[in-house]
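To keep things clear, I will list the structure first and then write my remarks on it.
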There are 2 protein chains.
Amino acid sequence: MLSQNKIPQATAKRLPLYYRFLNNLHIQGKSRVSSKELSDAIKVDSATIRRDFSYFGALGKKGYGYNVEYLLGFFRKTLDQDENTPVALIGVGNLGTAFLNYNFTKNNNTKIEIAFDADADKVGKEIGDIQVHHINDLEKHLEHIEVAILTVPLSEAQNITDRLIQAGVNGILNFTPARITVPENVRVHHIDLAVELQSLAYFMKHYPLENSDE
Amino acid sequence: MLSQNKIPQATAKRLPLYYRFLNNLHIQGKSRVSSKELSDAIKVDSATIRRDFSYFGALGKKGYGYNVEYLLGFFRKTLDQDENTPVALIGVGNLGTAFLNYNFTKNNNTKIEIAFDADADKVGKEIGDIQVHHINDLEKHLEHIEVAILTVPLSEAQNITDRLIQAGVNGILNFTPARITVPENVRVHHIDLAVELQSLAYFMKHYPLENSDE
DNA sequence: CTGCCTTCGTGAATTATTTCACGACAATTG
DNA sequence: CAATTGTCGTGAAATAATTCACGAAGGCAG
């Protein structure tokens, strides 16, 4: 039931989505919500939602639904919303800048604390309140950082990955097209924009009108 | 075998990845590759790769592997690399600009042909060779466009989605946190950057060292 | 307070995907 | 040309995820 050990990965990926949506409901002053309503809003089958929630125990009331505040409190704990995860951003190009300007801390337990770039013009600047440091000083500033967002050119990807890991990072959100190699204990999530776009085009041509999303 | 009808979605999502990597091998002058080598490079189990390829027939040779050029030619046809998919970009903010500057046409059958924004300062400019038009003129310029990348503020997401669909778009790559509502025949892929980051943090804390990637 | 209505929680069925493991065949070596 | 090696293609098993469908519990209306 409560052990975080047995939650399916597919469920774990949906948790942040649930959390954000519940937060919105709460802000709107709604106190009650059913799996059906949630389903309409976030486009996940209602049985899947009930099943997901059930991994954490019986959170709802039959014939009523879920209490938004209670559920929200529960998810806050589960997702460690209290404890912020400090994040480093590597590569202040267009995409990196998008991240710096994006306000992650709303509804979110992650915060970009520091940024790095190789371009001397960018070093020393502050973008979205975040200081940009030179990539050469990477090792000096990564003391307590475990997560990095990688938005560097393809050619630098593996090299910088190695340095990040050396410096103690063990989670990387990789936006480069490189399939970087890391030790077993390091977790990498790849988001490959070109692949996403191609994949959408492929699905459109070959899967006329089935279930899509992702 | 050849019908595109029976390919699992999980396989379809990997096809662009295979394609790009084969293309790289080809450029490097390699003429031969085994499922094991591919596996090491793109971090997908070799049995999965062989299974994926097998949906298209027997493409390899036992005891030898796959002929890069042959395989590449095959994928080119399968992924319709010949035929370019024209794409519109909606919202020229930081993220949108990243897309415009990103050169998708290398190794890719998709091309951003036109961009839209509500900001008068941006309208008329050219970014990465793409003309920026005013969002009011959306309907005037979407004649032959079927795919849109949505990088607008949350508040505009549904409204603009409706207009896109009205104008004939039937595939949307949605980077807003909104879970947009669309008719059945429209395909949406959501890429929610905040969710991705939170999800990575969650996995790191709760799934010590199992399989990650995505 | 009664009875109808809603909606959860979940066992079981279904569907999807991955992985194992091995036979068959081609390449290569001596 | 025989023996050895490498690697595919795939049946079958395993694992993962979704969906069905219904009993139980509780809300709500009259």
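Please note that chains go A, B, ... in the order of the structure tokens, that every chain numbers its residues from 1, and that ligands are numbered from 1 in the order shown.
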- Taking only C-alpha atoms (C1' of nucleotides) into account, which residues of chain A are within 7 Å of chain D, as a ChimeraX atom specification? /A:48,62-64
- Kindly determine which residues of chain A lie within 7 Å of chain B, considering only C-alpha atoms, and give the answer as a ChimeraX atom specification. /A:4,13,16-17,41-42,79,94-95,97-98,104,110,171,179,184-185,187-190,194-195,198-200,202,204,206,209,212-214
- Shell of 9 Å around B:Ala118, only C-alpha atoms (C1' of nucleotides), local chain residues under 5 positions omitted, as JSON, numbers by chain: {"B": [91, 92, 123, 133, 134, 135, 136]}
Write a file of the selected residues as a PDB file, in the first residue's frame, keeping C-alpha atoms.
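That gives us again16.pdb:
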```
ATOM      1  CA  GLY B  91       4.075  31.183 -30.068  1.00  0.00           C
ATOM      2  CA  VAL B  92       7.524  32.671 -30.645  1.00  0.00           C
ATOM      3  CA  VAL B 123       5.570  40.056 -36.340  1.00  0.00           C
ATOM      4  CA  HIS B 133       3.037  36.360 -38.753  1.00  0.00           C
ATOM      5  CA  HIS B 134       0.448  37.823 -36.448  1.00  0.00           C
ATOM      6  CA  ILE B 135      -1.730  35.324 -34.687  1.00  0.00           C
ATOM      7  CA  ASN B 136      -4.803  37.133 -35.992  1.00  0.00           C
TER       8      ASN B 136
END
```
- Item | Picked from stretch 91-205 of chain A by DSSP as helix (DSSP H, G or I), as a VMD selection string | chain A and resid 94 to 101 135 to 141 154 to 166 193 to 205
With N, CA and C atoms retained, could you export that selection as a short mmCIF file (atom, residue, chain, number, x, y, z; two decimals), in the first residue's frame?
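Saved result, part-v1.cif, follows:
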```
data_model
loop_
_atom_site.label_atom_id
_atom_site.label_comp_id
_atom_site.auth_asym_id
_atom_site.auth_seq_id
_atom_site.Cartn_x
_atom_site.Cartn_y
_atom_site.Cartn_z
N ASN A 94 18.86 28.90 -26.73
CA ASN A 94 17.44 29.24 -26.78
C ASN A 94 16.63 28.39 -25.82
N LEU A 95 16.87 27.11 -25.90
CA LEU A 95 16.10 26.20 -25.08
C LEU A 95 16.41 26.40 -23.60
N GLY A 96 17.70 26.53 -23.30
CA GLY A 96 18.09 26.76 -21.91
C GLY A 96 17.46 28.04 -21.36
N THR A 97 17.47 29.07 -22.16
CA THR A 97 16.86 30.33 -21.73
C THR A 97 15.37 30.15 -21.47
N ALA A 98 14.74 29.37 -22.30
CA ALA A 98 13.32 29.09 -22.07
C ALA A 98 13.12 28.51 -20.67
N PHE A 99 13.96 27.61 -20.28
CA PHE A 99 13.86 27.02 -18.94
C PHE A 99 14.07 28.06 -17.86
N LEU A 100 15.05 28.92 -18.05
CA LEU A 100 15.35 29.90 -17.02
C LEU A 100 14.19 30.88 -16.84
N ASN A 101 13.52 31.20 -17.91
CA ASN A 101 12.41 32.14 -17.80
C ASN A 101 11.11 31.51 -17.36
N ILE A 135 31.27 27.38 -17.99
CA ILE A 135 31.26 25.91 -17.94
C ILE A 135 32.56 25.35 -17.34
N ASN A 136 33.63 26.11 -17.46
CA ASN A 136 34.89 25.65 -16.86
C ASN A 136 34.80 25.53 -15.34
N ASP A 137 33.90 26.31 -14.76
CA ASP A 137 33.77 26.31 -13.30
C ASP A 137 32.72 25.34 -12.80
N LEU A 138 32.27 24.51 -13.69
CA LEU A 138 31.21 23.55 -13.35
C LEU A 138 31.46 22.89 -12.00
N GLU A 139 32.63 22.30 -11.86
CA GLU A 139 32.93 21.52 -10.67
C GLU A 139 32.89 22.35 -9.39
N LYS A 140 33.20 23.63 -9.52
CA LYS A 140 33.25 24.48 -8.33
C LYS A 140 31.89 24.69 -7.69
N HIS A 141 30.84 24.60 -8.49
CA HIS A 141 29.53 25.07 -8.01
C HIS A 141 28.48 23.98 -7.90
N LEU A 154 25.08 18.94 -29.38
CA LEU A 154 25.32 17.51 -29.46
C LEU A 154 26.76 17.13 -29.19
N SER A 155 27.67 17.89 -29.78
CA SER A 155 29.08 17.52 -29.70
C SER A 155 29.62 17.56 -28.27
N GLU A 156 28.99 18.35 -27.40
CA GLU A 156 29.48 18.47 -26.03
C GLU A 156 28.79 17.49 -25.08
N ALA A 157 27.73 16.87 -25.55
CA ALA A 157 26.84 16.17 -24.63
C ALA A 157 27.55 15.12 -23.76
N GLN A 158 28.28 14.21 -24.38
CA GLN A 158 28.87 13.13 -23.58
C GLN A 158 29.95 13.65 -22.64
N ASN A 159 30.76 14.51 -23.17
CA ASN A 159 31.84 15.10 -22.39
C ASN A 159 31.31 15.81 -21.14
N ILE A 160 30.29 16.61 -21.30
CA ILE A 160 29.74 17.32 -20.15
C ILE A 160 29.01 16.38 -19.22
N THR A 161 28.36 15.40 -19.78
CA THR A 161 27.71 14.39 -18.95
C THR A 161 28.73 13.75 -18.01
N ASP A 162 29.86 13.39 -18.55
CA ASP A 162 30.89 12.75 -17.73
C ASP A 162 31.30 13.67 -16.59
N ARG A 163 31.46 14.93 -16.89
CA ARG A 163 31.86 15.87 -15.84
C ARG A 163 30.77 16.03 -14.79
N LEU A 164 29.53 16.08 -15.23
CA LEU A 164 28.43 16.21 -14.28
C LEU A 164 28.41 15.04 -13.31
N ILE A 165 28.57 13.87 -13.85
CA ILE A 165 28.52 12.68 -13.02
C ILE A 165 29.70 12.67 -12.05
N GLN A 166 30.83 13.02 -12.57
CA GLN A 166 32.02 13.14 -11.72
C GLN A 166 31.75 14.09 -10.55
N LEU A 193 13.46 16.41 -29.14
CA LEU A 193 12.43 17.20 -29.81
C LEU A 193 12.20 16.79 -31.25
N ALA A 194 13.29 16.49 -31.94
CA ALA A 194 13.14 16.09 -33.34
C ALA A 194 12.40 14.77 -33.43
N VAL A 195 12.72 13.86 -32.53
CA VAL A 195 12.04 12.57 -32.54
C VAL A 195 10.56 12.74 -32.22
N GLU A 196 10.26 13.61 -31.30
CA GLU A 196 8.86 13.83 -30.94
C GLU A 196 8.05 14.31 -32.13
N LEU A 197 8.67 15.22 -32.85
CA LEU A 197 7.97 15.79 -34.00
C LEU A 197 7.79 14.76 -35.11
N GLN A 198 8.85 14.01 -35.36
CA GLN A 198 8.77 12.98 -36.39
C GLN A 198 7.78 11.90 -36.02
N SER A 199 7.82 11.57 -34.75
CA SER A 199 6.95 10.52 -34.25
C SER A 199 5.49 10.94 -34.39
N LEU A 200 5.21 12.19 -34.10
CA LEU A 200 3.84 12.69 -34.28
C LEU A 200 3.43 12.57 -35.74
N ALA A 201 4.33 12.98 -36.64
CA ALA A 201 4.02 12.92 -38.06
C ALA A 201 3.77 11.47 -38.49
N TYR A 202 4.59 10.58 -37.99
CA TYR A 202 4.42 9.16 -38.34
C TYR A 202 3.07 8.63 -37.87
N PHE A 203 2.73 8.94 -36.62
CA PHE A 203 1.46 8.46 -36.08
C PHE A 203 0.29 9.00 -36.88
N MET A 204 0.40 10.27 -37.26
CA MET A 204 -0.70 10.85 -38.02
C MET A 204 -0.92 10.14 -39.34
N LYS A 205 0.18 9.75 -39.98
CA LYS A 205 0.02 9.12 -41.28
C LYS A 205 -0.42 7.67 -41.18
#
```
- Item | Neighbours of chain C in chain B at 12 Å, counting only C-alpha atoms (C1' of nucleotides), as a ChimeraX atom specification | /B:7-11,44-52,60-65
- Task: Mind checking which residues fall within 10 Å of B:Leu71, counting only C-alpha atoms (C1' of nucleotides), ignoring those fewer than 5 positions away in the same chain, and posting them as a list in words?
- Result: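 Skipping anything fewer than 5 positions along the chain leaves Tyr18, Tyr19, Leu22, Asn23, Arg32, Val33, Phe53, Leu59, Gly60, Tyr66 and Arg76 of chain B.
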Output for the residues just chosen: N, CA and C atoms as an mmCIF file, in the first residue's frame:
```cif
data_model
loop_
_atom_site.group_PDB
_atom_site.id
_atom_site.type_symbol
_atom_site.label_atom_id
_atom_site.label_comp_id
_atom_site.auth_asym_id
_atom_site.auth_seq_id
_atom_site.Cartn_x
_atom_site.Cartn_y
_atom_site.Cartn_z
ATOM 1 N N TYR B 18 15.907 5.118 -34.569
ATOM 2 C CA TYR B 18 16.658 4.193 -35.401
ATOM 3 C C TYR B 18 17.124 4.901 -36.659
ATOM 4 N N TYR B 19 16.197 5.620 -37.231
ATOM 5 C CA TYR B 19 16.530 6.276 -38.489
ATOM 6 C C TYR B 19 17.714 7.218 -38.330
ATOM 7 N N LEU B 22 21.014 5.324 -37.787
ATOM 8 C CA LEU B 22 21.488 4.669 -39.011
ATOM 9 C C LEU B 22 22.072 5.693 -39.962
ATOM 10 N N ASN B 23 21.436 6.824 -40.020
ATOM 11 C CA ASN B 23 21.929 7.889 -40.868
ATOM 12 C C ASN B 23 23.341 8.300 -40.447
ATOM 13 N N ARG B 32 27.904 -1.886 -42.013
ATOM 14 C CA ARG B 32 27.328 -3.049 -41.346
ATOM 15 C C ARG B 32 27.129 -2.759 -39.877
ATOM 16 N N VAL B 33 26.043 -3.277 -39.313
ATOM 17 C CA VAL B 33 25.787 -3.045 -37.898
ATOM 18 C C VAL B 33 24.964 -4.198 -37.327
ATOM 19 N N PHE B 53 12.492 -4.447 -35.777
ATOM 20 C CA PHE B 53 12.802 -4.551 -37.201
ATOM 21 C C PHE B 53 11.985 -5.664 -37.851
ATOM 22 N N LEU B 59 15.025 -8.144 -42.336
ATOM 23 C CA LEU B 59 15.886 -7.104 -42.903
ATOM 24 C C LEU B 59 17.366 -7.413 -42.726
ATOM 25 N N GLY B 60 17.673 -8.365 -41.871
ATOM 26 C CA GLY B 60 19.074 -8.641 -41.574
ATOM 27 C C GLY B 60 19.546 -9.967 -42.143
ATOM 28 N N TYR B 66 22.976 -6.239 -39.927
ATOM 29 C CA TYR B 66 22.162 -5.493 -40.882
ATOM 30 C C TYR B 66 23.068 -4.666 -41.775
ATOM 31 N N ARG B 76 13.826 4.997 -44.691
ATOM 32 C CA ARG B 76 13.506 6.251 -45.362
ATOM 33 C C ARG B 76 12.111 6.152 -45.979
#
```
Apply DSSP to the backbone of this structure and, from stretch 11-207 of chain A, keep only the residues in strand (DSSP E or B); write these as an mmCIF file with C-alpha atoms, in the first residue's frame.
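Final output, saved to states.cif:
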```
data_model
loop_
_atom_site.group_PDB
_atom_site.id
_atom_site.type_symbol
_atom_site.label_atom_id
_atom_site.label_comp_id
_atom_site.auth_asym_id
_atom_site.auth_seq_id
_atom_site.Cartn_x
_atom_site.Cartn_y
_atom_site.Cartn_z
ATOM 1 C CA ARG A 32 -14.766 17.720 -4.352
ATOM 2 C CA VAL A 33 -13.882 15.865 -7.521
ATOM 3 C CA LYS A 61 -15.386 8.050 -0.659
ATOM 4 C CA GLY A 65 -15.531 11.101 -5.042
ATOM 5 C CA TYR A 66 -12.355 12.590 -3.658
ATOM 6 C CA ASN A 67 -11.886 15.478 -1.288
ATOM 7 C CA THR A 85 15.154 19.659 -5.543
ATOM 8 C CA PRO A 86 17.932 21.968 -6.689
ATOM 9 C CA VAL A 87 18.670 21.765 -10.378
ATOM 10 C CA ALA A 88 21.496 23.000 -12.594
ATOM 11 C CA LEU A 89 20.964 24.065 -16.166
ATOM 12 C CA ILE A 90 23.790 23.375 -18.576
ATOM 13 C CA THR A 110 12.126 21.744 -8.469
ATOM 14 C CA LYS A 111 14.137 24.900 -8.842
ATOM 15 C CA ILE A 112 16.938 25.805 -11.200
ATOM 16 C CA GLU A 113 19.586 27.284 -8.956
ATOM 17 C CA ILE A 114 22.476 27.791 -11.283
ATOM 18 C CA ALA A 115 23.273 27.856 -14.967
ATOM 19 C CA PHE A 116 26.404 27.276 -17.036
ATOM 20 C CA ASP A 117 27.484 28.199 -20.525
ATOM 21 C CA GLU A 126 21.429 36.820 -14.752
ATOM 22 C CA ILE A 127 18.526 35.316 -16.629
ATOM 23 C CA ILE A 130 19.602 32.729 -12.216
ATOM 24 C CA GLN A 131 23.335 33.459 -12.405
ATOM 25 C CA VAL A 132 25.153 32.127 -15.445
ATOM 26 C CA HIS A 133 28.614 30.706 -14.728
ATOM 27 C CA HIS A 134 31.318 29.568 -17.080
ATOM 28 C CA VAL A 147 19.847 17.017 -11.077
ATOM 29 C CA ALA A 148 20.921 18.675 -14.310
ATOM 30 C CA ILE A 149 19.063 19.798 -17.396
ATOM 31 C CA LEU A 150 21.258 19.284 -20.408
ATOM 32 C CA GLY A 171 19.780 12.610 -12.623
ATOM 33 C CA ILE A 172 19.869 14.182 -16.078
ATOM 34 C CA LEU A 173 17.071 15.543 -18.221
ATOM 35 C CA ASN A 174 18.674 15.242 -21.616
ATOM 36 C CA ARG A 187 18.988 8.192 -14.146
ATOM 37 C CA VAL A 188 18.527 9.805 -17.538
ATOM 38 C CA HIS A 189 15.286 10.898 -19.158
ATOM 39 C CA HIS A 190 15.612 11.724 -22.817
#
```
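Computed from the coordinates, the atom CA of B:Gln28 to atom CA of B:Val68 distance equals 10.8 Å.
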- Report the distance between atom CA of B:Leu38 and atom CA of B:Leu25 in Å, rounded to one decimal place.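 Interatomic distance, atom CA of B:Leu38 to atom CA of B:Leu25: 10.0 Å.
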- Message: Can you measure atom CA of A:Ile27 to atom CA of B:Phe175 for me? One decimal in Å is fine.
- Response: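 Atom-to-atom, atom CA of A:Ile27 to atom CA of B:Phe175, that is 22.7 Å.
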